[in-house]
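Have a look at data_22.tsv; it's TSV, C-alpha atoms:
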```
chain	number	residue	atom	x	y	z
D	1	MET	CA	0.00	0.00	0.00
D	2	SER	CA	1.49	3.31	-0.99
D	3	ARG	CA	0.68	6.81	0.10
D	4	GLY	CA	-0.82	9.29	-2.25
D	5	GLY	CA	-2.01	8.50	-5.77
D	6	GLY	CA	-1.65	4.72	-5.61
D	7	GLU	CA	1.47	4.63	-7.80
D	8	PRO	CA	4.58	2.68	-6.69
D	9	ARG	CA	7.56	4.81	-5.72
D	10	ASP	CA	10.02	4.95	-8.64
D	11	TRP	CA	12.72	6.94	-6.88
D	12	GLY	CA	15.78	4.78	-7.35
D	13	GLY	CA	17.12	2.16	-9.73
D	14	PRO	CA	17.32	-1.63	-9.41
D	15	TYR	CA	18.79	-3.15	-6.25
D	16	LEU	CA	19.27	-6.36	-4.29
D	17	THR	CA	18.32	-7.05	-0.69
D	18	ILE	CA	20.36	-9.81	1.00
D	19	VAL	CA	18.30	-11.70	3.62
D	20	VAL	CA	19.85	-14.18	6.07
D	21	ASN	CA	17.69	-15.84	8.77
D	22	HIS	CA	14.75	-13.53	7.94
D	23	THR	CA	16.88	-10.43	8.54
D	24	GLU	CA	18.03	-7.94	5.93
D	25	VAL	CA	21.81	-7.77	6.23
D	26	GLN	CA	22.71	-5.84	3.09
D	27	ARG	CA	21.10	-3.64	0.43
D	28	LYS	CA	23.07	-2.88	-2.74
D	29	PRO	CA	22.22	-1.01	-5.94
D	30	LEU	CA	22.88	-2.96	-9.12
D	31	VAL	CA	25.58	-1.95	-11.57
D	32	ALA	CA	25.94	-3.22	-15.15
D	33	THR	CA	27.34	-6.59	-13.99
D	34	THR	CA	27.14	-7.74	-10.36
D	35	THR	CA	28.82	-10.93	-9.15
D	36	LEU	CA	27.74	-12.73	-5.95
D	37	GLY	CA	29.84	-15.27	-4.10
D	38	ARG	CA	32.17	-16.19	-1.26
D	39	SER	CA	35.28	-14.56	-2.76
D	40	LEU	CA	36.33	-11.08	-1.67
D	41	ASP	CA	36.71	-10.23	-5.38
D	42	CYS	CA	32.92	-10.44	-5.88
D	43	ASP	CA	30.79	-7.30	-6.00
D	44	ILE	CA	28.58	-8.72	-3.25
D	45	TRP	CA	30.54	-10.87	-0.81
D	46	ILE	CA	28.47	-13.33	1.23
D	47	GLU	CA	30.03	-15.52	3.90
D	48	ASP	CA	28.27	-18.89	3.48
D	49	PRO	CA	30.15	-22.21	3.12
D	50	GLN	CA	27.50	-23.50	0.69
D	51	LEU	CA	28.37	-20.79	-1.85
D	52	SER	CA	31.02	-21.09	-4.52
D	53	ARG	CA	33.73	-18.45	-4.71
D	54	ARG	CA	32.00	-16.94	-7.76
D	55	HIS	CA	28.48	-18.31	-7.45
D	56	CYS	CA	26.22	-16.31	-9.80
D	57	GLN	CA	26.09	-13.10	-11.77
D	58	LEU	CA	23.37	-10.55	-12.45
D	59	GLU	CA	23.52	-8.41	-15.56
D	60	GLU	CA	21.30	-6.33	-17.77
D	61	ALA	CA	19.46	-8.31	-20.43
D	62	LEU	CA	20.81	-8.04	-23.96
D	63	GLU	CA	17.51	-6.59	-25.07
D	64	GLY	CA	17.90	-3.82	-22.50
D	65	ASP	CA	14.49	-4.36	-20.94
D	66	GLY	CA	15.35	-6.09	-17.67
D	67	TRP	CA	17.87	-8.15	-15.73
D	68	VAL	CA	19.01	-11.78	-15.90
D	69	VAL	CA	20.79	-14.09	-13.45
D	70	THR	CA	23.38	-16.63	-14.61
D	71	ASP	CA	24.80	-19.45	-12.48
D	72	LEU	CA	28.60	-19.50	-12.81
D	73	GLY	CA	29.02	-23.28	-12.49
D	74	SER	CA	28.39	-23.39	-8.75
D	75	ARG	CA	28.30	-26.70	-6.91
D	76	ASN	CA	24.94	-26.15	-5.16
D	77	GLY	CA	23.17	-24.22	-7.91
D	78	THR	CA	21.18	-21.00	-8.10
D	79	TYR	CA	17.39	-20.95	-7.63
D	80	VAL	CA	14.91	-18.30	-8.72
D	81	ASN	CA	11.56	-18.55	-6.91
D	82	ALA	CA	12.48	-22.11	-5.76
D	83	ARG	CA	13.25	-23.30	-9.32
D	84	LYS	CA	16.78	-24.22	-10.34
D	85	THR	CA	18.18	-21.95	-13.05
D	86	GLU	CA	19.77	-23.19	-16.24
D	87	GLY	CA	21.60	-20.65	-18.37
D	88	ARG	CA	20.42	-17.06	-18.32
D	89	THR	CA	17.18	-16.67	-16.36
D	90	PRO	CA	15.19	-13.43	-16.63
D	91	LEU	CA	14.23	-11.67	-13.41
D	92	ASN	CA	11.03	-9.83	-12.54
D	93	HIS	CA	10.45	-7.26	-9.83
D	94	GLY	CA	10.11	-9.14	-6.50
D	95	ASP	CA	11.82	-12.40	-7.54
D	96	VAL	CA	13.76	-14.24	-4.84
D	97	ILE	CA	17.16	-15.71	-5.78
D	98	THR	CA	18.27	-18.46	-3.38
D	99	ILE	CA	21.96	-19.31	-3.12
D	100	GLY	CA	23.00	-21.55	-0.24
D	101	LYS	CA	21.16	-20.38	2.89
D	102	VAL	CA	20.85	-16.84	1.60
D	103	HIS	CA	17.81	-15.28	-0.08
D	104	VAL	CA	18.47	-12.38	-2.43
D	105	LYS	CA	15.42	-10.27	-3.26
D	106	PHE	CA	15.56	-8.56	-6.65
D	107	ARG	CA	13.85	-5.17	-6.98
D	108	ALA	CA	13.70	-3.59	-10.43
D	109	ARG	CA	13.11	-0.08	-9.06
D	110	GLY	CA	12.90	2.00	-5.92
D	111	TYR	CA	16.39	1.87	-4.38
D	112	VAL	CA	16.61	3.76	-1.11
D	113	PRO	CA	19.79	3.39	0.98
D	114	PRO	CA	19.41	1.55	4.29
D	115	ARG	CA	18.71	3.63	7.37
D	116	PRO	CA	21.89	4.39	9.36
D	117	ALA	CA	22.16	2.68	12.75
D	118	SER	CA	23.53	5.75	14.55
D	119	PRO	CA	23.88	9.52	14.03
D	120	GLU	CA	27.62	9.07	13.43
D	121	GLU	CA	26.89	6.77	10.47
D	122	ALA	CA	24.37	9.27	9.12
D	123	ILE	CA	27.00	12.02	9.10
D	124	LYS	CA	29.44	9.80	7.18
D	125	MET	CA	26.91	8.94	4.44
D	126	SER	CA	26.96	10.95	1.24
D	127	PRO	CA	23.64	12.36	0.05
D	128	ASN	CA	21.86	10.18	-2.50
D	129	ARG	CA	20.27	12.43	-5.09
D	130	ALA	CA	18.42	9.49	-6.71
D	131	ALA	CA	16.48	8.89	-3.49
D	132	MET	CA	15.53	12.55	-3.19
D	133	LYS	CA	13.47	12.86	-6.40
D	134	VAL	CA	10.02	14.31	-6.36
D	135	ARG	CA	7.15	11.82	-6.81
D	136	ASN	CA	6.40	12.88	-10.35
D	137	GLY	CA	9.87	11.75	-11.44
D	138	SER	CA	11.55	15.11	-11.93
D	139	SER	CA	14.26	16.13	-9.53
D	140	SER	CA	14.18	19.45	-7.81
D	141	THR	CA	16.88	21.82	-9.05
D	142	ARG	CA	15.90	24.60	-6.66
D	143	PRO	CA	18.60	25.18	-4.01
D	144	LEU	CA	17.64	24.80	-0.37
D	145	PRO	CA	17.37	28.03	1.64
D	146	THR	CA	20.37	28.88	3.78
D	147	PRO	CA	19.76	30.86	6.97
D	148	SER	CA	21.83	34.00	7.30
D	149	PRO	CA	22.05	36.38	10.25
D	150	LYS	CA	20.42	39.76	9.73
D	151	ILE	CA	22.75	42.41	11.13
D	152	SER	CA	21.34	45.90	11.18
D	153	ASN	CA	24.15	47.83	12.87
D	154	ALA	CA	27.33	45.82	12.40
D	155	ASP	CA	29.57	48.63	13.70
D	156	THR	CA	27.81	48.97	17.08
D	157	ILE	CA	27.83	45.31	18.18
D	158	SER	CA	29.81	44.72	21.34
D	159	PRO	CA	30.94	41.27	22.61
D	160	GLY	CA	27.98	40.93	25.00
D	161	ASP	CA	25.37	41.82	22.38
D	162	SER	CA	23.61	39.56	19.93
D	163	ALA	CA	23.62	40.07	16.16
D	164	ALA	CA	19.91	40.92	16.26
D	165	GLY	CA	20.33	44.11	18.25
D	166	ALA	CA	21.60	45.68	21.45
D	167	LYS	CA	19.84	43.18	23.70
D	168	PRO	CA	22.37	40.87	25.46
D	169	LEU	CA	22.03	37.16	24.98
D	170	PRO	CA	20.40	35.32	27.92
D	171	PHE	CA	23.51	33.26	28.66
D	172	THR	CA	26.10	36.07	28.75
D	173	ARG	CA	27.68	37.20	31.98
D	174	PRO	CA	27.52	40.77	33.11
D	175	PRO	CA	30.82	42.62	32.79
D	176	ALA	CA	33.26	42.14	35.67
D	177	ARG	CA	33.43	44.87	38.31
D	178	PRO	CA	36.76	45.93	39.71
D	179	ILE	CA	37.42	44.97	43.30
D	180	VAL	CA	38.06	48.11	45.29
D	181	LYS	CA	39.82	47.72	48.61
D	182	GLU	CA	38.84	50.21	51.25
D	183	SER	CA	41.65	52.44	52.29
D	184	GLU	CA	42.92	52.46	55.91
D	185	GLU	CA	42.61	56.21	56.18
D	186	ASP	CA	38.79	56.01	56.08
D	187	ASP	CA	38.72	53.88	59.25
D	188	VAL	CA	40.45	56.46	61.51
```
Translate the structure of the given file into structure tokens.
Amino acid sequence: MSRGGGEPRDWGGPYLTIVVNHTEVQRKPLVATTTLGRSLDCDIWIEDPQLSRRHCQLEEALEGDGWVVTDLGSRNGTYVNARKTEGRTPLNHGDVITIGKVHVKFRARGYVPPRPASPEEAIKMSPNRAAMKVRNGSSSTRPLPTPSPKISNADTISPGDSAAGAKPLPFTRPPARPIVKESEEDDV
């Protein structure tokens, strides 16, 4: 169920969701050719002893209208929707590729990066312009507003004053007063 006009969200491109023990562990956008396997040289590295080093490969169809999965001679095979693949097998939006104990969900559209686990991870992430498109498909080219201080009398601002005017900020201290010691002559 989607919000709004009933259309699916077409914000991002195709992507894979890696699911192990009913938990999403990885979400990756697809590039022209994506290799899955146990080897660190693969585009998507999955630690599962039932996988071959280079288990299967996803690539754009030659016709240019979709994606296909190809088993790379793996020992345990590659399954699409619980059917063993032979040769190049076309993929549809929502298909589940099973390799070893891992389920890989194929999505033809709608990539959104995974939510960061902490604020520190959110700061490290680069902005994804593809995920920030407007619903109608066009991206917004209008720059975001940047707040700027409005200084009316820049020459008359003292260190205890705010930029908005002569009113001191609520957290500033009053200026220090000199300590004056009483003279001994006044006591006599």
- Message: So, with all atoms listed in the file as the atoms that count, which of D:Gly12, D:Pro116, D:Gly66, D:Pro49 lies closest to D:Leu91?
- Response: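 That would be D:Gly66, the residue with the smallest distance to D:Leu91.
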So that I can see what lies close to D:Arg53, please list as a PDB file with C-alpha atoms, in the coordinates of the input the residues with an atom at most 8 Å from it, counting all atoms listed in the file and leaving out residues fewer than 6 positions away in the same chain.
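Saved the output as selection_21.pdb:
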```pdb
ATOM      1  CA  GLY D  37      29.840 -15.270  -4.100  1.00  0.00           C
ATOM      2  CA  ARG D  38      32.170 -16.190  -1.260  1.00  0.00           C
ATOM      3  CA  SER D  39      35.280 -14.560  -2.760  1.00  0.00           C
TER       4      SER D  39
END
```
- If you count all atoms listed in the file, which residues fall within 12 Å of D:His93, apart from same-chain ones fewer than 2 positions away, as a PyMOL selection string? chain D and resi 8+13-16+66-68+80-81+90-91+95-97+105-110
- May I ask which of the residues D:Ser118, D:Arg88, D:Arg27, D:Ser74 is the closest one to D:Glu59, counting all atoms listed in the file? D:Arg88
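Atom CA of D:Val102 lies 14.9 Å from atom CA of D:Asp71.
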- Hey, can you check how far atom CA of D:Thr35 sits from atom CA of D:Ala61?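 We find that atom CA of D:Thr35 and atom CA of D:Ala61 lie 14.9 Å from each other.
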